[in-house]
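Note sheet for the following structure.
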There are 2 protein chains.
Amino acid sequence: MANLKSKHVVWHPGAVNKADRETVTGHKACTLWMTGLPASGKSTVAVALEKALWDRGVHAYILDGDNVRHGLNKDLGFSPEDRNENIRRIGEVAKLFTDAGVINITAFISPYRADRDQARSLTKAGEFLEVFVDCSPEECERRDPKGHYKKARAGEIKEFTGISAPYEPPLTPEITIRTHKQSEEDCVATIMTYLEKNGYVPTA
Amino acid sequence: MANLKSKHVVWHPGAVNKADRETVTGHKACTLWMTGLPASGKSTVAVALEKALWDRGVHAYILDGDNVRHGLNKDLGFSPEDRNENIRRIGEVAKLFTDAGVINITAFISPYRADRDQARSLTKAGEFLEVFVDCSPEECERRDPKGHYKKARAGEIKEFTGISAPYEPPLTPEITIRTHKQSEEDCVATIMTYLEKNGYVPTA
């Protein structure tokens with residue numbers, strides 16, 4: 001996208017390209033963009049998936065609502081505008097990680113379809129895999145490991161997705177996991193199988 | 001740093017830690033924070049260094065004024081406030097790459113000492129190596145590969161570091177390279193030797 005502010009900045013091509021990195025690492029890089037309601041299991045599955053990938057020697061890294069919110073995006077709140085900027089920045093950082101050769105797993109609610117599509121639009125074909133972490137609202141609220149649903153119901157947390165802010169499920173995600181029906185191991189296996197069948201990582 | 005906006009966000013510990021990554025990759029991760037005047041040679045040395053690291057199987061990645069300014073920070077200009085936010089975000093992203101096990105090389109003018117110290121303050125001891133790309137102002141202006149000094153002298157670029165905006169050199173950088181006296185290869189060797197001697201990468 002053209003941007004007047006950076007019109008004097010010239011792209012400096014690196015000597016190491018993505019294909020070079022893939023040759024060295026032995027796997028392709030991509031963003032696994034997990035999206036789902038609060039307490040749907042995004043971070044839990046992301047952590048288990050990251051571990052499974054490293055166990056195979058695949059360089060993986062999680063960007064999640066916790067580490068990014070405390071750092072890069074600590075200036076942002078939870079209004080629609082700030083959520084939009086939150087996801088915009090995460091999309092840009094995810095793109096850098098893909099460029100660096102890392103399979104990056106983003107685990108954010110990312111409730112708005114348009115924001116996720118914007119993140120996808122930054123990437124080349126096959127570099128962005130949307131993972132719908134599908135869990136019924138009732139089950140998410142029943143789990144509520146951090147007590148957030150309870151606080152949201154009490155009005156102590158404003159603009160809480162699923163209670164007082166909307167969630168727009170993906171229409172055509174590359175991968176769907178159903179955390180209220182599948183075990184954690186099954187969810188990881190579903191994603192890993194997709195990555196294997198589509199040539200992102202070698203078959204174990 | 002405590003932040004009211006994110007007080008409901010809880011840190012989610014990952015199953016793969018930095019030490020695990022280092023065991024798999026065979027090297028330590030850190031930020032090599034290059035700082036210097038425009039046209040001092042930051043990107044040139046960064047590109048050559050990244051190539052040298054990959055040739056050894058070391059996972060490296062450049063964050064530079066070009067790729068970050070066109071993406072994550074495309075909403076920012078060149079005022080002191082925007083430069084500050086530019087460097088703040090880069091420091092946070094660099095920290096994520098270090099956490100991911102990647103030797104990340106940032107190649108930004110990063111003219112303000114306080115901003116660089118802020119980026120350092122995000123990291124643990126030994127994770128942030130300041131690399132002063134030392135080149136005389138006269139030599140930088142003579143090189144001027146993108147014609148920026150000329151435009152700045154003509155007033156076509158405002159707040160240009162070295163002409164109409166200040167540059168504060170590092171006081172105690174971990175590494176200094178002198179691009180007006182050393183060849184590109186020598187500069188890379190200076191940095192690589194530091195990394196070897198201090199145990200970041202195996203000796204070739």
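Identifiers in the structure tokens: chain A, B, ... in order shown; residue index from 1 per chain; ligand index from 1 in order shown.
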*With a distance cut-off of 10 Å and only C-alpha atoms, select the neighbouring residues of region 39-48 of chain B, excluding the residue or stretch itself and same-chain residues fewer than 3 positions from it, and output the selection as a PyMOL selection string.*
(chain A and resi 12-16) or (chain B and resi 32-36+51-53+61-66+104-109+131-137+139-149+177-180+183-188+191)
Dump as a short mmCIF file (atom, residue, chain, number, x, y, z; two decimals), in the first residue's frame, selection limited to N, CA and C atoms:
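Once written, result31.cif looks like this:
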data_model
loop_
_atom_site.label_atom_id
_atom_site.label_comp_id
_atom_site.auth_asym_id
_atom_site.auth_seq_id
_atom_site.Cartn_x
_atom_site.Cartn_y
_atom_site.Cartn_z
N HIS A 12 14.93 -2.58 0.71
CA HIS A 12 16.30 -3.07 0.58
C HIS A 12 16.26 -4.60 0.50
N PRO A 13 16.44 -5.18 -0.67
CA PRO A 13 16.31 -6.63 -0.77
C PRO A 13 17.42 -7.35 0.01
N GLY A 14 17.04 -8.38 0.78
CA GLY A 14 18.02 -9.12 1.57
C GLY A 14 18.71 -10.18 0.73
N ALA A 15 19.84 -10.62 1.22
CA ALA A 15 20.59 -11.65 0.49
C ALA A 15 20.04 -13.04 0.79
N VAL A 16 19.25 -13.16 1.84
CA VAL A 16 18.67 -14.46 2.20
C VAL A 16 17.17 -14.38 1.96
N LEU B 32 20.84 -7.83 17.74
CA LEU B 32 21.99 -7.00 17.37
C LEU B 32 21.40 -5.67 16.91
N TRP B 33 21.47 -4.69 17.78
CA TRP B 33 20.81 -3.41 17.50
C TRP B 33 21.82 -2.46 16.83
N MET B 34 21.73 -2.36 15.52
CA MET B 34 22.63 -1.47 14.80
C MET B 34 22.08 -0.06 14.82
N THR B 35 22.95 0.89 15.08
CA THR B 35 22.54 2.29 15.08
C THR B 35 23.63 3.11 14.40
N GLY B 36 23.20 4.11 13.64
CA GLY B 36 24.17 4.96 12.95
C GLY B 36 23.46 5.93 12.02
N LYS B 51 23.45 -13.16 5.91
CA LYS B 51 23.88 -14.21 4.98
C LYS B 51 24.95 -15.09 5.63
N ALA B 52 25.92 -14.45 6.28
CA ALA B 52 27.01 -15.20 6.93
C ALA B 52 26.47 -16.10 8.03
N LEU B 53 25.47 -15.62 8.75
CA LEU B 53 24.89 -16.42 9.83
C LEU B 53 24.13 -17.62 9.25
N TYR B 61 17.50 -12.91 11.27
CA TYR B 61 16.49 -12.13 10.53
C TYR B 61 16.71 -10.65 10.76
N ILE B 62 16.59 -9.91 9.68
CA ILE B 62 16.77 -8.46 9.73
C ILE B 62 15.42 -7.75 9.89
N LEU B 63 15.34 -6.90 10.86
CA LEU B 63 14.25 -5.91 10.93
C LEU B 63 14.88 -4.59 10.54
N ASP B 64 14.38 -3.98 9.49
CA ASP B 64 15.03 -2.72 9.12
C ASP B 64 14.02 -1.62 8.79
N GLY B 65 14.56 -0.46 8.62
CA GLY B 65 13.74 0.72 8.40
C GLY B 65 12.84 0.55 7.19
N ASP B 66 13.28 -0.28 6.27
CA ASP B 66 12.52 -0.45 5.05
C ASP B 66 11.33 -1.38 5.27
N ASN B 104 18.19 -11.65 15.81
CA ASN B 104 17.58 -10.60 15.02
C ASN B 104 18.49 -9.39 14.95
N ILE B 105 18.53 -8.81 13.76
CA ILE B 105 19.42 -7.69 13.48
C ILE B 105 18.53 -6.50 13.14
N THR B 106 18.53 -5.49 13.99
CA THR B 106 17.73 -4.31 13.68
C THR B 106 18.66 -3.27 13.07
N ALA B 107 18.22 -2.71 11.95
CA ALA B 107 19.06 -1.75 11.24
C ALA B 107 18.26 -0.46 11.04
N PHE B 108 18.23 0.32 12.09
CA PHE B 108 17.51 1.59 12.09
C PHE B 108 18.46 2.69 12.54
N ILE B 109 18.23 3.89 12.04
CA ILE B 109 19.04 5.02 12.50
C ILE B 109 18.99 5.07 14.02
N VAL B 131 25.20 -2.24 18.40
CA VAL B 131 26.27 -2.20 17.40
C VAL B 131 26.32 -0.79 16.82
N PHE B 132 27.36 -0.07 17.16
CA PHE B 132 27.49 1.30 16.64
C PHE B 132 28.13 1.24 15.25
N VAL B 133 27.35 1.65 14.27
CA VAL B 133 27.86 1.71 12.90
C VAL B 133 28.43 3.11 12.72
N ASP B 134 29.74 3.19 12.98
CA ASP B 134 30.42 4.48 13.07
C ASP B 134 30.94 4.88 11.69
N CYS B 135 30.49 6.02 11.22
CA CYS B 135 30.94 6.53 9.93
C CYS B 135 30.85 8.05 10.03
N SER B 136 31.83 8.75 9.53
CA SER B 136 31.83 10.21 9.67
C SER B 136 30.64 10.81 8.92
N PRO B 137 30.07 11.88 9.45
CA PRO B 137 28.95 12.54 8.76
C PRO B 137 29.31 12.93 7.33
N GLU B 139 31.43 11.49 5.29
CA GLU B 139 31.46 10.30 4.42
C GLU B 139 30.03 9.83 4.13
N CYS B 140 29.17 9.84 5.13
CA CYS B 140 27.77 9.44 4.89
C CYS B 140 27.13 10.33 3.84
N GLU B 141 27.36 11.63 3.96
CA GLU B 141 26.76 12.57 3.01
C GLU B 141 27.36 12.41 1.62
N ARG B 142 28.64 12.05 1.57
CA ARG B 142 29.29 11.85 0.27
C ARG B 142 28.68 10.63 -0.43
N ARG B 143 28.43 9.56 0.35
CA ARG B 143 27.85 8.33 -0.23
C ARG B 143 26.43 8.59 -0.74
N ASP B 144 25.57 8.95 0.19
CA ASP B 144 24.17 9.33 -0.10
C ASP B 144 23.53 8.49 -1.21
N PRO B 145 23.47 7.17 -1.04
CA PRO B 145 23.04 6.30 -2.15
C PRO B 145 21.60 6.55 -2.60
N LYS B 146 20.78 7.06 -1.71
CA LYS B 146 19.37 7.27 -2.07
C LYS B 146 19.06 8.75 -2.33
N GLY B 147 20.10 9.59 -2.29
CA GLY B 147 19.89 11.02 -2.54
C GLY B 147 19.17 11.75 -1.43
N HIS B 148 19.14 11.12 -0.22
CA HIS B 148 18.38 11.72 0.87
C HIS B 148 19.06 12.94 1.47
N TYR B 149 20.40 12.87 1.61
CA TYR B 149 21.11 14.04 2.16
C TYR B 149 20.88 15.26 1.26
N ILE B 177 31.62 -0.92 14.72
CA ILE B 177 32.25 -1.15 13.41
C ILE B 177 32.43 0.21 12.75
N ARG B 178 33.52 0.34 12.03
CA ARG B 178 33.86 1.64 11.43
C ARG B 178 33.82 1.49 9.91
N THR B 179 32.66 1.81 9.37
CA THR B 179 32.42 1.48 7.95
C THR B 179 33.19 2.39 6.99
N HIS B 180 33.76 3.47 7.50
CA HIS B 180 34.59 4.29 6.61
C HIS B 180 36.05 3.84 6.64
N SER B 183 36.32 -2.78 5.64
CA SER B 183 35.53 -3.30 4.52
C SER B 183 34.26 -3.94 5.07
N GLU B 184 33.31 -4.21 4.19
CA GLU B 184 32.08 -4.89 4.59
C GLU B 184 32.42 -6.23 5.26
N GLU B 185 33.34 -6.96 4.67
CA GLU B 185 33.74 -8.27 5.21
C GLU B 185 34.34 -8.12 6.61
N ASP B 186 35.17 -7.10 6.78
CA ASP B 186 35.77 -6.85 8.10
C ASP B 186 34.70 -6.54 9.14
N CYS B 187 33.73 -5.76 8.73
CA CYS B 187 32.65 -5.41 9.67
C CYS B 187 31.89 -6.67 10.11
N VAL B 188 31.58 -7.51 9.14
CA VAL B 188 30.88 -8.77 9.46
C VAL B 188 31.76 -9.62 10.38
N ILE B 191 31.71 -8.46 14.03
CA ILE B 191 30.50 -8.86 14.75
C ILE B 191 30.49 -10.37 15.01
#
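Using only C-alpha atoms, the protein and nucleic acid residues lying no more than 8 Å from Glu168 (chain B), apart from those fewer than 4 places from it along its own chain, are Pro111, Tyr112 and Arg113 of chain B.
One distance worth recording is that between CA of Cys30 (chain A) and CA of Ile103 (chain A), which is 5.0 Å.
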_Given only C-alpha atoms as the counted atoms, nearest of A:His59, A:Arg153, A:Lys197, A:Lys181 to chain B_ =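 Closest to chain B, using only C-alpha atoms: A:His59.
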Step one, run DSSP on the backbone; step two, keep only residues of region 3-122 of chain B assigned to helix (DSSP H, G or I); then write them as a PDB file with C-alpha atoms, in the first residue's frame.
ATOM      1  CA  LEU B   4      -4.386  -0.669  33.380  1.00  0.00           C
ATOM      2  CA  LYS B   5      -5.714  -1.393  29.928  1.00  0.00           C
ATOM      3  CA  SER B   6      -4.461  -4.958  30.032  1.00  0.00           C
ATOM      4  CA  LYS B  18      14.155 -20.124  25.203  1.00  0.00           C
ATOM      5  CA  ALA B  19      16.575 -22.727  26.503  1.00  0.00           C
ATOM      6  CA  ASP B  20      14.650 -25.458  24.655  1.00  0.00           C
ATOM      7  CA  ARG B  21      14.895 -23.459  21.450  1.00  0.00           C
ATOM      8  CA  GLU B  22      18.616 -22.915  21.895  1.00  0.00           C
ATOM      9  CA  THR B  23      19.122 -26.631  22.374  1.00  0.00           C
ATOM     10  CA  VAL B  24      17.369 -27.348  19.079  1.00  0.00           C
ATOM     11  CA  THR B  25      18.874 -24.502  17.031  1.00  0.00           C
ATOM     12  CA  LYS B  42      23.678  -0.380   8.591  1.00  0.00           C
ATOM     13  CA  SER B  43      21.569  -2.264   6.046  1.00  0.00           C
ATOM     14  CA  THR B  44      24.541  -3.260   3.908  1.00  0.00           C
ATOM     15  CA  VAL B  45      26.339  -4.828   6.862  1.00  0.00           C
ATOM     16  CA  ALA B  46      23.095  -6.333   8.198  1.00  0.00           C
ATOM     17  CA  VAL B  47      22.415  -8.092   4.896  1.00  0.00           C
ATOM     18  CA  ALA B  48      25.947  -9.479   4.697  1.00  0.00           C
ATOM     19  CA  LEU B  49      25.856 -10.558   8.341  1.00  0.00           C
ATOM     20  CA  GLU B  50      22.500 -12.286   7.952  1.00  0.00           C
ATOM     21  CA  LYS B  51      23.877 -14.214   4.977  1.00  0.00           C
ATOM     22  CA  ALA B  52      27.008 -15.199   6.926  1.00  0.00           C
ATOM     23  CA  LEU B  53      24.892 -16.423   9.829  1.00  0.00           C
ATOM     24  CA  TRP B  54      22.577 -18.528   7.639  1.00  0.00           C
ATOM     25  CA  ASP B  55      25.612 -19.989   5.899  1.00  0.00           C
ATOM     26  CA  GLY B  65      13.736   0.723   8.395  1.00  0.00           C
ATOM     27  CA  ASP B  66      12.523  -0.448   5.050  1.00  0.00           C
ATOM     28  CA  ASN B  67      10.441  -3.532   5.794  1.00  0.00           C
ATOM     29  CA  VAL B  68       9.069  -2.300   9.131  1.00  0.00           C
ATOM     30  CA  ARG B  69       8.318   1.228   7.920  1.00  0.00           C
ATOM     31  CA  PRO B  80      10.411  12.937  17.530  1.00  0.00           C
ATOM     32  CA  GLU B  81       7.230  11.349  18.946  1.00  0.00           C
ATOM     33  CA  ASP B  82       6.750   9.071  15.952  1.00  0.00           C
ATOM     34  CA  ARG B  83      10.434   8.123  15.930  1.00  0.00           C
ATOM     35  CA  ASN B  84      10.065   7.228  19.590  1.00  0.00           C
ATOM     36  CA  GLU B  85       7.002   5.037  18.933  1.00  0.00           C
ATOM     37  CA  ASN B  86       8.766   3.543  15.896  1.00  0.00           C
ATOM     38  CA  ILE B  87      11.679   2.430  18.055  1.00  0.00           C
ATOM     39  CA  ARG B  88       9.407   1.309  20.900  1.00  0.00           C
ATOM     40  CA  ARG B  89       7.527  -1.057  18.609  1.00  0.00           C
ATOM     41  CA  ILE B  90      10.726  -2.336  17.018  1.00  0.00           C
ATOM     42  CA  GLY B  91      12.164  -3.038  20.457  1.00  0.00           C
ATOM     43  CA  GLU B  92       9.074  -5.060  21.328  1.00  0.00           C
ATOM     44  CA  VAL B  93       9.194  -7.013  18.062  1.00  0.00           C
ATOM     45  CA  ALA B  94      12.926  -7.635  18.455  1.00  0.00           C
ATOM     46  CA  LYS B  95      12.208  -9.045  21.910  1.00  0.00           C
ATOM     47  CA  LEU B  96       9.651 -11.445  20.399  1.00  0.00           C
ATOM     48  CA  PHE B  97      12.206 -12.644  17.827  1.00  0.00           C
ATOM     49  CA  THR B  98      14.795 -13.203  20.559  1.00  0.00           C
ATOM     50  CA  ASP B  99      12.203 -15.132  22.535  1.00  0.00           C
ATOM     51  CA  ARG B 113      20.001   7.255  23.177  1.00  0.00           C
ATOM     52  CA  ALA B 114      16.961   7.113  25.441  1.00  0.00           C
ATOM     53  CA  ASP B 115      14.980   5.155  22.844  1.00  0.00           C
ATOM     54  CA  ARG B 116      17.765   2.606  22.415  1.00  0.00           C
ATOM     55  CA  ASP B 117      18.122   2.277  26.172  1.00  0.00           C
ATOM     56  CA  GLN B 118      14.374   1.729  26.372  1.00  0.00           C
ATOM     57  CA  ALA B 119      14.637  -1.115  23.840  1.00  0.00           C
ATOM     58  CA  ARG B 120      17.508  -2.588  25.871  1.00  0.00           C
ATOM     59  CA  SER B 121      15.491  -2.337  29.060  1.00  0.00           C
TER      60      SER B 121
END
*Which one of B:Ala100, B:Ala29, B:Leu37, B:Arg56 sits closest to Asn17 (chain B) if you count only C-alpha atoms?*
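The closest residue to Asn17 (chain B) is B:Ala100.
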*CA of Gly199 (chain B) to CA of Gly26 (chain B): how many Å, to one decimal?*
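We find that CA of Gly199 (chain B) and CA of Gly26 (chain B) lie 10.7 Å from each other.
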